[in-house]
$ cat structure29.txt   # compact mmCIF, C-alpha atoms and all ligand atoms
# COMPACT_ATOMS: atom_id res chain seq x y z
CA MET A 62 16.90 9.90 1.74
CA GLN A 63 13.40 10.29 3.17
CA ILE A 64 10.61 10.39 0.61
CA LEU A 65 7.68 10.41 3.04
CA ASN A 66 7.46 11.70 6.57
CA GLY A 67 4.74 11.94 9.19
CA SER A 68 4.97 13.93 12.38
CA GLY A 69 2.55 13.76 15.32
CA VAL A 70 -0.24 12.31 13.19
CA ASN A 71 -3.56 11.91 14.99
CA LYS A 72 -6.97 10.64 13.98
CA ALA A 73 -9.88 9.79 16.27
CA PHE A 74 -13.28 8.36 15.42
CA GLY A 75 -15.97 9.24 17.95
CA GLY A 76 -13.44 9.96 20.67
CA ARG A 77 -11.50 6.75 20.06
CA LYS A 78 -7.97 7.29 18.79
CA ALA A 79 -7.37 5.21 15.68
CA VAL A 80 -3.97 6.80 14.99
CA ASP A 81 -2.37 8.23 18.10
CA ASN A 82 0.47 10.73 17.73
CA VAL A 83 2.42 8.67 15.19
CA ASP A 84 5.78 9.77 13.79
CA PHE A 85 7.09 7.85 10.81
CA HIS A 86 9.30 8.14 7.79
CA VAL A 87 9.91 6.15 4.65
CA ASP A 88 13.26 6.09 2.88
CA GLU A 89 13.50 6.18 -0.87
CA ASN A 90 13.31 2.72 -2.48
CA GLU A 91 12.90 0.82 0.78
CA ILE A 92 10.18 -1.65 1.64
CA LEU A 93 8.60 -0.57 4.91
CA GLY A 94 6.28 -3.02 6.67
CA LEU A 95 3.34 -1.79 8.72
CA ILE A 96 2.07 -4.46 11.08
CA GLY A 97 -0.03 -4.84 14.21
CA PRO A 98 -3.20 -6.49 15.50
CA ASN A 99 -6.63 -5.98 13.92
CA GLY A 100 -7.88 -2.46 14.55
CA ALA A 101 -4.38 -1.14 15.28
CA GLY A 102 -4.83 1.77 12.87
CA LYS A 103 -2.82 0.53 9.88
CA THR A 104 -5.45 1.15 7.20
CA THR A 105 -6.38 4.45 8.85
CA LEU A 106 -2.75 5.56 8.48
CA PHE A 107 -2.90 4.68 4.75
CA ASN A 108 -6.16 6.65 4.50
CA LEU A 109 -4.45 9.64 6.08
CA ILE A 110 -1.40 9.44 3.80
CA SER A 111 -3.46 8.99 0.64
CA GLY A 112 -5.82 11.84 1.57
CA ALA A 113 -8.93 9.65 1.84
CA ILE A 114 -9.49 11.13 5.30
CA LYS A 115 -8.03 14.16 7.07
CA ALA A 116 -5.87 13.98 10.17
CA ASP A 117 -7.07 15.77 13.31
CA SER A 118 -3.54 17.06 13.75
CA GLY A 119 -0.02 16.38 12.61
CA THR A 120 1.80 16.86 9.33
CA ILE A 121 2.57 14.50 6.47
CA THR A 122 5.17 15.53 3.93
CA TYR A 123 6.06 13.86 0.65
CA LYS A 124 9.24 14.85 -1.19
CA GLY A 125 9.45 17.80 1.18
CA ARG A 126 5.94 19.12 0.44
CA VAL A 127 3.11 19.04 2.94
CA ILE A 128 0.41 16.72 1.59
CA SER A 129 -1.83 16.43 4.65
CA GLY A 130 -5.12 18.11 3.75
CA MET A 131 -4.68 17.68 -0.01
CA LYS A 132 -7.29 15.92 -2.13
CA PRO A 133 -6.58 12.24 -2.89
CA TYR A 134 -6.31 12.81 -6.66
CA ARG A 135 -3.65 15.48 -6.14
CA ILE A 136 -1.67 13.19 -3.86
CA CYS A 137 -1.95 10.45 -6.48
CA HIS A 138 -0.76 12.83 -9.21
CA MET A 139 2.29 13.57 -7.08
CA GLY A 140 3.23 9.91 -7.19
CA LEU A 141 1.65 8.21 -4.17
CA ALA A 142 -0.62 5.27 -5.00
CA ARG A 143 -2.40 2.74 -2.83
CA THR A 144 -4.42 -0.43 -2.99
CA PHE A 145 -7.45 -1.14 -0.84
CA GLN A 146 -7.80 -3.85 1.78
CA LYS A 147 -11.18 -4.70 0.26
CA ALA A 148 -10.40 -4.82 -3.46
CA LYS A 149 -12.13 -1.97 -5.24
CA ASN A 150 -12.07 -3.29 -8.79
CA PHE A 151 -14.72 -1.99 -11.17
CA PRO A 152 -16.89 -5.09 -11.77
CA ASP A 153 -18.42 -3.90 -15.07
CA MET A 154 -15.06 -3.30 -16.70
CA THR A 155 -12.52 -5.79 -17.99
CA VAL A 156 -9.22 -6.35 -16.23
CA ARG A 157 -7.53 -4.21 -18.87
CA GLU A 158 -10.03 -1.37 -18.47
CA ASN A 159 -9.52 -1.51 -14.71
CA VAL A 160 -5.80 -0.98 -15.16
CA LEU A 161 -6.40 1.68 -17.81
CA MET A 162 -8.27 3.73 -15.17
CA GLY A 163 -5.01 4.03 -13.27
CA ALA A 164 -3.08 5.04 -16.37
CA VAL A 165 -5.65 7.66 -17.41
CA PHE A 166 -6.18 9.25 -14.00
CA GLY A 167 -2.68 8.72 -12.65
CA LYS A 168 0.42 10.73 -12.11
CA LYS A 169 0.98 12.93 -15.12
CA GLY A 170 -1.17 14.37 -17.85
CA THR A 171 -1.09 11.39 -20.19
CA ASP A 172 -2.70 11.27 -23.62
CA ASN A 173 -4.86 8.28 -24.51
CA ALA A 174 -2.25 6.52 -26.60
CA ALA A 175 0.32 6.78 -23.81
CA ALA A 176 -2.22 5.49 -21.27
CA GLU A 177 -2.99 2.50 -23.51
CA ARG A 178 0.72 1.75 -23.87
CA LYS A 179 1.27 2.08 -20.14
CA THR A 180 -1.63 -0.28 -19.46
CA ASP A 181 -0.23 -3.03 -21.68
CA GLU A 182 3.22 -2.56 -20.18
CA ILE A 183 1.81 -2.97 -16.65
CA LEU A 184 -0.39 -5.94 -17.57
CA SER A 185 2.69 -7.70 -18.84
CA PHE A 186 4.83 -6.59 -15.85
CA VAL A 187 2.38 -8.12 -13.34
CA GLY A 188 1.57 -11.16 -15.49
CA LEU A 189 -2.08 -10.41 -16.23
CA GLU A 190 -1.98 -10.45 -20.07
CA ASP A 191 -3.92 -13.70 -20.29
CA PHE A 192 -6.74 -12.26 -18.19
CA ARG A 193 -6.98 -8.83 -19.80
CA ASP A 194 -10.44 -9.33 -21.29
CA LYS A 195 -11.96 -11.08 -18.26
CA SER A 196 -14.21 -9.47 -15.69
CA PRO A 197 -12.38 -9.05 -12.35
CA GLY A 198 -15.27 -10.94 -10.72
CA ASP A 199 -14.51 -14.04 -12.81
CA ILE A 200 -10.86 -14.52 -11.86
CA ALA A 201 -9.21 -16.00 -8.75
CA LEU A 202 -8.78 -13.78 -5.68
CA ALA A 203 -4.99 -13.71 -6.12
CA LEU A 204 -5.50 -12.29 -9.62
CA GLN A 205 -8.10 -9.79 -8.42
CA LYS A 206 -5.54 -8.51 -5.92
CA ARG A 207 -3.03 -8.29 -8.75
CA VAL A 208 -5.48 -6.12 -10.73
CA GLU A 209 -5.57 -3.73 -7.75
CA VAL A 210 -1.79 -3.59 -7.70
CA ALA A 211 -1.67 -3.13 -11.48
CA ARG A 212 -4.14 -0.22 -11.40
CA ALA A 213 -2.06 1.49 -8.72
CA LEU A 214 1.14 0.85 -10.69
CA ALA A 215 -0.44 2.26 -13.84
CA THR A 216 -0.56 5.66 -12.12
CA SER A 217 3.30 5.62 -12.27
CA PRO A 218 3.83 5.94 -8.51
CA ASP A 219 7.07 6.67 -6.72
CA VAL A 220 5.54 5.28 -3.53
CA LEU A 221 3.17 2.32 -3.56
CA MET A 222 1.08 1.49 -0.49
CA LEU A 223 -0.17 -2.10 -0.37
CA ASP A 224 -2.94 -2.94 2.10
CA GLU A 225 -2.98 -6.71 2.74
CA VAL A 226 -2.51 -7.83 -0.86
CA MET A 227 -1.70 -11.33 0.43
CA ALA A 228 -4.77 -11.84 2.61
CA GLY A 229 -6.63 -14.98 1.58
CA LEU A 230 -3.90 -16.25 -0.75
CA ASN A 231 -2.51 -19.79 -0.59
CA PRO A 232 1.22 -20.35 0.04
CA THR A 233 2.05 -20.62 -3.68
CA GLU A 234 0.18 -17.40 -4.41
CA VAL A 235 1.90 -15.68 -1.47
CA GLY A 236 5.24 -16.68 -3.02
CA GLU A 237 4.17 -15.19 -6.35
CA ALA A 238 3.00 -11.99 -4.68
CA MET A 239 6.35 -11.74 -2.89
CA GLU A 240 8.17 -12.06 -6.21
CA LEU A 241 6.01 -9.33 -7.69
CA ILE A 242 6.69 -6.98 -4.77
CA SER A 243 10.45 -7.53 -5.11
CA LYS A 244 10.19 -6.83 -8.82
CA ILE A 245 8.23 -3.61 -8.19
CA ARG A 246 10.89 -2.41 -5.76
CA GLY A 247 13.53 -3.41 -8.29
CA SER A 248 11.89 -1.04 -10.75
CA GLY A 249 12.66 1.86 -8.37
CA VAL A 250 9.37 2.15 -6.48
CA THR A 251 9.28 2.72 -2.71
CA ILE A 252 6.84 0.38 -0.97
CA ILE A 253 4.86 0.49 2.26
CA MET A 254 3.10 -2.79 2.92
CA ILE A 255 0.47 -3.66 5.51
CA GLU A 256 0.42 -7.41 5.92
CA HIS A 257 -0.42 -10.12 8.41
CA VAL A 258 1.58 -12.77 6.49
CA MET A 259 4.73 -12.69 8.63
CA LYS A 260 6.83 -14.81 6.32
CA ALA A 261 6.39 -12.19 3.61
CA ILE A 262 6.90 -9.23 5.95
CA MET A 263 10.04 -10.65 7.49
CA SER A 264 11.70 -11.59 4.23
CA LEU A 265 10.71 -8.55 2.13
CA CYS A 266 10.92 -5.58 4.47
CA ASP A 267 14.00 -3.49 5.18
CA ARG A 268 12.27 -1.98 8.17
CA ILE A 269 9.03 -2.51 10.07
CA ILE A 270 6.76 -0.25 12.11
CA VAL A 271 4.41 -1.87 14.62
CA LEU A 272 1.13 -0.18 15.57
CA HIS A 273 -1.03 -1.12 18.54
CA HIS A 274 -4.16 0.80 19.60
CA GLY A 275 -3.08 3.53 17.18
CA GLN A 276 0.34 3.98 18.74
CA LYS A 277 3.72 3.13 17.28
CA ILE A 278 5.05 0.61 19.77
CA GLU A 279 8.14 -0.60 17.94
CA GLU A 280 10.22 0.11 14.86
CA GLY A 281 13.29 -1.56 13.35
CA THR A 282 14.70 -4.32 11.20
CA PRO A 283 12.79 -7.61 10.81
CA GLU A 284 15.29 -9.21 13.18
CA HIS A 285 14.76 -6.51 15.80
CA ILE A 286 10.97 -6.78 15.48
CA SER A 287 10.86 -10.57 15.69
CA ASN A 288 12.91 -10.44 18.91
CA SER A 289 11.00 -7.57 20.51
CA LYS A 290 9.26 -8.68 23.70
CA THR A 291 6.66 -5.92 23.29
CA VAL A 292 5.76 -7.07 19.79
CA ILE A 293 5.72 -10.73 20.77
CA ASP A 294 3.40 -9.92 23.68
CA VAL A 295 0.84 -7.89 21.76
CA TYR A 296 1.00 -9.39 18.29
CA LEU A 297 3.41 -12.08 17.20
CA GLY A 298 3.10 -14.53 20.08
CA GLU A 299 5.85 -16.99 20.88
N1 LIG A 301 -14.23 5.47 8.95
C1 LIG A 301 -14.22 5.03 10.20
N2 LIG A 301 -15.17 5.39 11.08
C2 LIG A 301 -15.16 4.97 12.37
N3 LIG A 301 -14.20 4.18 12.88
C3 LIG A 301 -13.21 3.79 12.06
C4 LIG A 301 -13.16 4.19 10.68
N4 LIG A 301 -12.07 3.64 10.10
C5 LIG A 301 -11.46 2.95 11.08
N5 LIG A 301 -12.14 3.02 12.24
C6 LIG A 301 -11.74 2.42 13.52
O1 LIG A 301 -10.38 2.76 13.74
C7 LIG A 301 -9.66 1.67 14.31
C8 LIG A 301 -8.50 1.29 13.41
O2 LIG A 301 -9.01 0.69 12.23
P1 LIG A 301 -8.09 0.29 11.00
O3 LIG A 301 -9.00 -0.15 9.91
O4 LIG A 301 -7.16 1.39 10.70
O5 LIG A 301 -7.29 -0.96 11.59
P2 LIG A 301 -6.25 -1.93 10.89
O6 LIG A 301 -5.00 -1.86 11.69
O7 LIG A 301 -6.18 -1.66 9.45
O8 LIG A 301 -6.92 -3.36 11.18
P3 LIG A 301 -7.03 -4.69 10.26
O9 LIG A 301 -5.76 -5.45 10.45
O10 LIG A 301 -8.21 -5.42 10.86
O11 LIG A 301 -7.30 -4.26 8.86
C9 LIG A 301 -10.68 0.54 14.49
O12 LIG A 301 -11.17 0.61 15.80
C10 LIG A 301 -11.76 0.89 13.48
O13 LIG A 301 -13.00 0.39 13.88
MG MG A 302 -6.69 -2.68 7.77
$ encode --input "structure29.txt" --output "structure tokens" --more "lines below"
Ligand SMILES: Nc1ncnc2c1ncn2[C@@H]1O[C@H](COP(=O)(O)OP(=O)(O)OP(=O)(O)O)[C@@H](O)[C@H]1O
Ligand SMILES: [Mg+2]
Amino acid sequence: MQILNGSGVNKAFGGRKAVDNVDFHVDENEILGLIGPNGAGKTTLFNLISGAIKADSGTITYKGRVISGMKPYRICHMGLARTFQKAKNFPDMTVRENVLMGAVFGKKGTDNAAAERKTDEILSFVGLEDFRDKSPGDIALALQKRVEVARALATSPDVLMLDEVMAGLNPTEVGEAMELISKIRGSGVTIIMIEHVMKAIMSLCDRIIVLHHGQKIEEGTPEHISNSKTVIDVYLGE
């Protein structure tokens, strides 16, 4: 069943189309990969879905309700959460407080005690207990990225959008991030992931959408994508 759907979505910046008439859908509990060269429009599409920016035209629906044009906090309350390509951790708060922000301002009206409980549950789920009292600036990049994921998870999302959570990680850390993403999906969350780490995309995703110059140029299973001449030409290489 489709949980998220976009139809004819357009966004231009100064006359240049960043997202060009894109149709997409996401099925419940799948992992959808969003790939393509730098500047293809991937993050812009996340910004449009999460309400950070408004589309010029087109409609985005979530659980059958139109969300395009809604404020980001309302979209978040409905169960759509995202991370940011450039980690947006709060530097003057501890790791735990960073995650607590998600729990407090997330999906449902939670009281403080419930938010505290949720925070500890998520810290343990993502393996950040040992770093809870640290400043996000004092921990390794892989852990900083995990704090981003944890804050998004603390909002109790049904759909989690991950924007390059593996960028800059070493192979061991990529493996750990892959395990975490599988575990998140296992907990019933639908995932859309933007990623340039092909090993992770190809082994985790059920389906992949490829953007190029804002346009959807290909869509299908990892096997289909890795054999697509179009995708090999513009992005993957031989
Ligand atoms: N707020 C903005 N104002 C002006 N131009 C923008 C803005 N956001 C994105 N763009 C432009 O839109 C295009 C798509 O950018 P976007 O960040 O969505 O690409 P991307 O696919 O996420 O690339 P990358 O893999 O490098 O992160 C680029 O040309 C970018 O410069
Ligand atoms: Mg991007």
$ residues_around --input "structure29.txt" --residues "A:Gly163" --least-positions-apart "5" --cutoff "8 Å" --atoms "only C-alpha atoms" --output "ChimeraX atom specification"
/A:212-216
$ write_last_selection --input "structure29.txt" --atoms "C-alpha atoms" --output "PDB file, keeping the file's coordinate frame"
ATOM      1  CA  ARG A 212      -4.140  -0.220 -11.400  1.00  0.00           C
ATOM      2  CA  ALA A 213      -2.060   1.490  -8.720  1.00  0.00           C
ATOM      3  CA  LEU A 214       1.140   0.850 -10.690  1.00  0.00           C
ATOM      4  CA  ALA A 215      -0.440   2.260 -13.840  1.00  0.00           C
ATOM      5  CA  THR A 216      -0.560   5.660 -12.120  1.00  0.00           C
TER       6      THR A 216
END
$ closest_residue --input "structure29.txt" --among "A:Asp117, A:Asp191, A:Asp172, A:Asp224" --to "A:Asn82" --atoms "all atoms listed in the file"
A:Asp117
$ residues_near_ligand --input "structure29.txt" --ligand "ligand LIG 301 (chain A)" --cutoff "7 Å" --atoms "all atoms listed in the file" --output "ChimeraX atom specification"
/A:74,79,97-106,275
$ atom_distance --input "structure29.txt" --atom1 "atom CA of A:Val208" --atom2 "atom CA of A:Ala164"
12.7 Å
$ closest_residue --input "structure29.txt" --among "A:Ala238, A:Ile110, A:Leu95, A:Leu161" --to "ligand MG 302 (chain A)" --atoms "only C-alpha atoms and all ligand atoms"
A:Leu95
$ closest_residue --input "structure29.txt" --among "A:Val295, A:Leu265, A:Met62, A:Ile96" --to "ligand MG 302 (chain A)" --atoms "only C-alpha atoms and all ligand atoms"
A:Ile96
$ closest_residue --input "structure29.txt" --among "A:Asn108, A:Ser243, A:Gln146, A:Thr251" --to "ligand MG 302 (chain A)" --atoms "only C-alpha atoms and all ligand atoms"
A:Gln146
$ residues_around --input "structure29.txt" --residues "A:Phe192" --least-positions-apart "3" --cutoff "7 Å" --atoms "all atoms listed in the file" --output "list in words"
Val156, Leu189 and Lys195 of chain A
$ closest_residue --input "structure29.txt" --among "A:Lys244, A:Lys290, A:His273, A:Lys206" --to "A:Ala148" --atoms "all atoms listed in the file"
A:Lys206
$ residues_around --input "structure29.txt" --residues "stretch 225-237 of chain A" --least-positions-apart "6" --cutoff "9 Å" --atoms "only C-alpha atoms" --output "PDB file with C-alpha atoms, in the frame of the given file"
ATOM      1  CA  THR A 144      -4.420  -0.430  -2.990  1.00  0.00           C
ATOM      2  CA  PHE A 145      -7.450  -1.140  -0.840  1.00  0.00           C
ATOM      3  CA  GLN A 146      -7.800  -3.850   1.780  1.00  0.00           C
ATOM      4  CA  LYS A 147     -11.180  -4.700   0.260  1.00  0.00           C
ATOM      5  CA  ALA A 148     -10.400  -4.820  -3.460  1.00  0.00           C
ATOM      6  CA  LEU A 202      -8.780 -13.780  -5.680  1.00  0.00           C
ATOM      7  CA  ALA A 203      -4.990 -13.710  -6.120  1.00  0.00           C
ATOM      8  CA  LYS A 206      -5.540  -8.510  -5.920  1.00  0.00           C
ATOM      9  CA  ARG A 207      -3.030  -8.290  -8.750  1.00  0.00           C
ATOM     10  CA  GLU A 209      -5.570  -3.730  -7.750  1.00  0.00           C
ATOM     11  CA  VAL A 210      -1.790  -3.590  -7.700  1.00  0.00           C
ATOM     12  CA  MET A 254       3.100  -2.790   2.920  1.00  0.00           C
ATOM     13  CA  ILE A 255       0.470  -3.660   5.510  1.00  0.00           C
ATOM     14  CA  GLU A 256       0.420  -7.410   5.920  1.00  0.00           C
ATOM     15  CA  HIS A 257      -0.420 -10.120   8.410  1.00  0.00           C
ATOM     16  CA  VAL A 258       1.580 -12.770   6.490  1.00  0.00           C
ATOM     17  CA  ALA A 261       6.390 -12.190   3.610  1.00  0.00           C
TER      18      ALA A 261
END
$ residues_around --input "structure29.txt" --residues "A:Asp84" --least-positions-apart "6" --cutoff "8 Å" --atoms "all atoms listed in the file" --output "JSON, numbers by chain"
{"A": [66, 67, 68, 69, 70, 277]}
$ residues_around --input "structure29.txt" --residues "A:Asp88" --least-positions-apart "5" --cutoff "10 Å" --atoms "all atoms listed in the file" --output "tab-separated table (two decimals) with C-alpha atoms, in the coordinates of the input"
chain	number	residue	atom	x	y	z
A	62	MET	CA	16.90	9.90	1.74
A	63	GLN	CA	13.40	10.29	3.17
A	64	ILE	CA	10.61	10.39	0.61
A	65	LEU	CA	7.68	10.41	3.04
A	66	ASN	CA	7.46	11.70	6.57
A	93	LEU	CA	8.60	-0.57	4.91
A	251	THR	CA	9.28	2.72	-2.71
A	252	ILE	CA	6.84	0.38	-0.97
A	267	ASP	CA	14.00	-3.49	5.18
A	268	ARG	CA	12.27	-1.98	8.17
$ closest_residue --input "structure29.txt" --among "A:Ile293, A:Met131, A:Phe107, A:Pro283" --to "ligand MG 302 (chain A)" --atoms "only C-alpha atoms and all ligand atoms"
A:Phe107
$ atom_distance --input "structure29.txt" --atom1 "atom CA of A:Gln205" --atom2 "atom CA of A:Gly94"
21.9 Å
$ atom_distance --input "structure29.txt" --atom1 "atom CA of A:Cys266" --atom2 "atom CA of A:Ile92"
4.9 Å
$ decode --input "structure29.txt" --residues "stretch 193-262 of chain A" --atoms "C-alpha atoms" --output "compact mmCIF listing (two decimals), in the first residue's frame"
# COMPACT_ATOMS: atom_id res chain seq x y z
CA ARG A 193 24.45 10.49 26.03
CA ASP A 194 26.17 13.18 28.10
CA LYS A 195 28.71 14.21 25.44
CA SER A 196 28.46 17.25 23.22
CA PRO A 197 27.70 16.24 19.61
CA GLY A 198 30.78 18.24 18.57
CA ASP A 199 33.04 15.96 20.63
CA ILE A 200 32.06 12.62 19.10
CA ALA A 201 33.06 10.93 15.82
CA LEU A 202 31.21 11.91 12.63
CA ALA A 203 29.53 8.49 12.43
CA LEU A 204 28.08 9.07 15.89
CA GLN A 205 27.02 12.63 15.04
CA LYS A 206 25.08 11.21 12.10
CA ARG A 207 23.54 8.68 14.46
CA VAL A 208 22.37 11.53 16.73
CA GLU A 209 20.57 13.03 13.71
CA VAL A 210 18.89 9.71 13.02
CA ALA A 211 18.01 9.29 16.70
CA ARG A 212 16.41 12.75 16.91
CA ALA A 213 14.30 11.98 13.85
CA LEU A 214 13.34 8.57 15.28
CA ALA A 215 12.37 10.16 18.59
CA THR A 216 9.53 11.95 16.76
CA SER A 217 7.96 8.46 16.27
CA PRO A 218 7.87 8.63 12.46
CA ASP A 219 6.06 6.28 10.12
CA VAL A 220 8.30 7.49 7.29
CA LEU A 221 11.95 8.34 7.86
CA MET A 222 13.90 10.27 5.22
CA LEU A 223 17.67 9.88 5.46
CA ASP A 224 19.85 12.34 3.53
CA GLU A 225 23.34 10.86 3.07
CA VAL A 226 23.77 9.48 6.57
CA MET A 227 26.74 7.44 5.32
CA ALA A 228 28.71 10.26 3.71
CA GLY A 229 32.20 10.45 5.17
CA LEU A 230 31.97 7.15 7.06
CA ASN A 231 34.61 4.43 6.81
CA PRO A 232 33.64 0.93 5.60
CA THR A 233 33.14 -0.43 9.12
CA GLU A 234 30.92 2.52 10.02
CA VAL A 235 28.98 2.11 6.77
CA GLY A 236 28.33 -1.51 7.77
CA GLU A 237 27.06 -0.38 11.17
CA ALA A 238 24.83 2.26 9.59
CA MET A 239 23.42 -0.39 7.25
CA GLU A 240 22.59 -2.60 10.22
CA LEU A 241 20.86 0.29 11.93
CA ILE A 242 18.77 1.08 8.84
CA SER A 243 17.68 -2.57 8.57
CA LYS A 244 16.75 -2.54 12.24
CA ILE A 245 14.71 0.67 11.81
CA ARG A 246 12.80 -0.87 8.92
CA GLY A 247 12.34 -4.00 11.01
CA SER A 248 10.59 -1.86 13.60
CA GLY A 249 7.92 -0.99 11.01
CA VAL A 250 9.22 2.33 9.69
CA THR A 251 9.15 3.16 5.97
CA ILE A 252 12.47 4.59 4.77
CA ILE A 253 13.55 6.84 1.92
CA MET A 254 17.31 7.11 1.69
CA ILE A 255 19.47 9.44 -0.37
CA GLU A 256 22.91 7.95 -0.61
CA HIS A 257 25.99 7.88 -2.81
CA VAL A 258 27.34 4.70 -1.14
CA MET A 259 26.20 2.21 -3.78
CA LYS A 260 27.00 -0.88 -1.77
CA ALA A 261 24.52 0.26 0.86
CA ILE A 262 21.89 1.38 -1.65
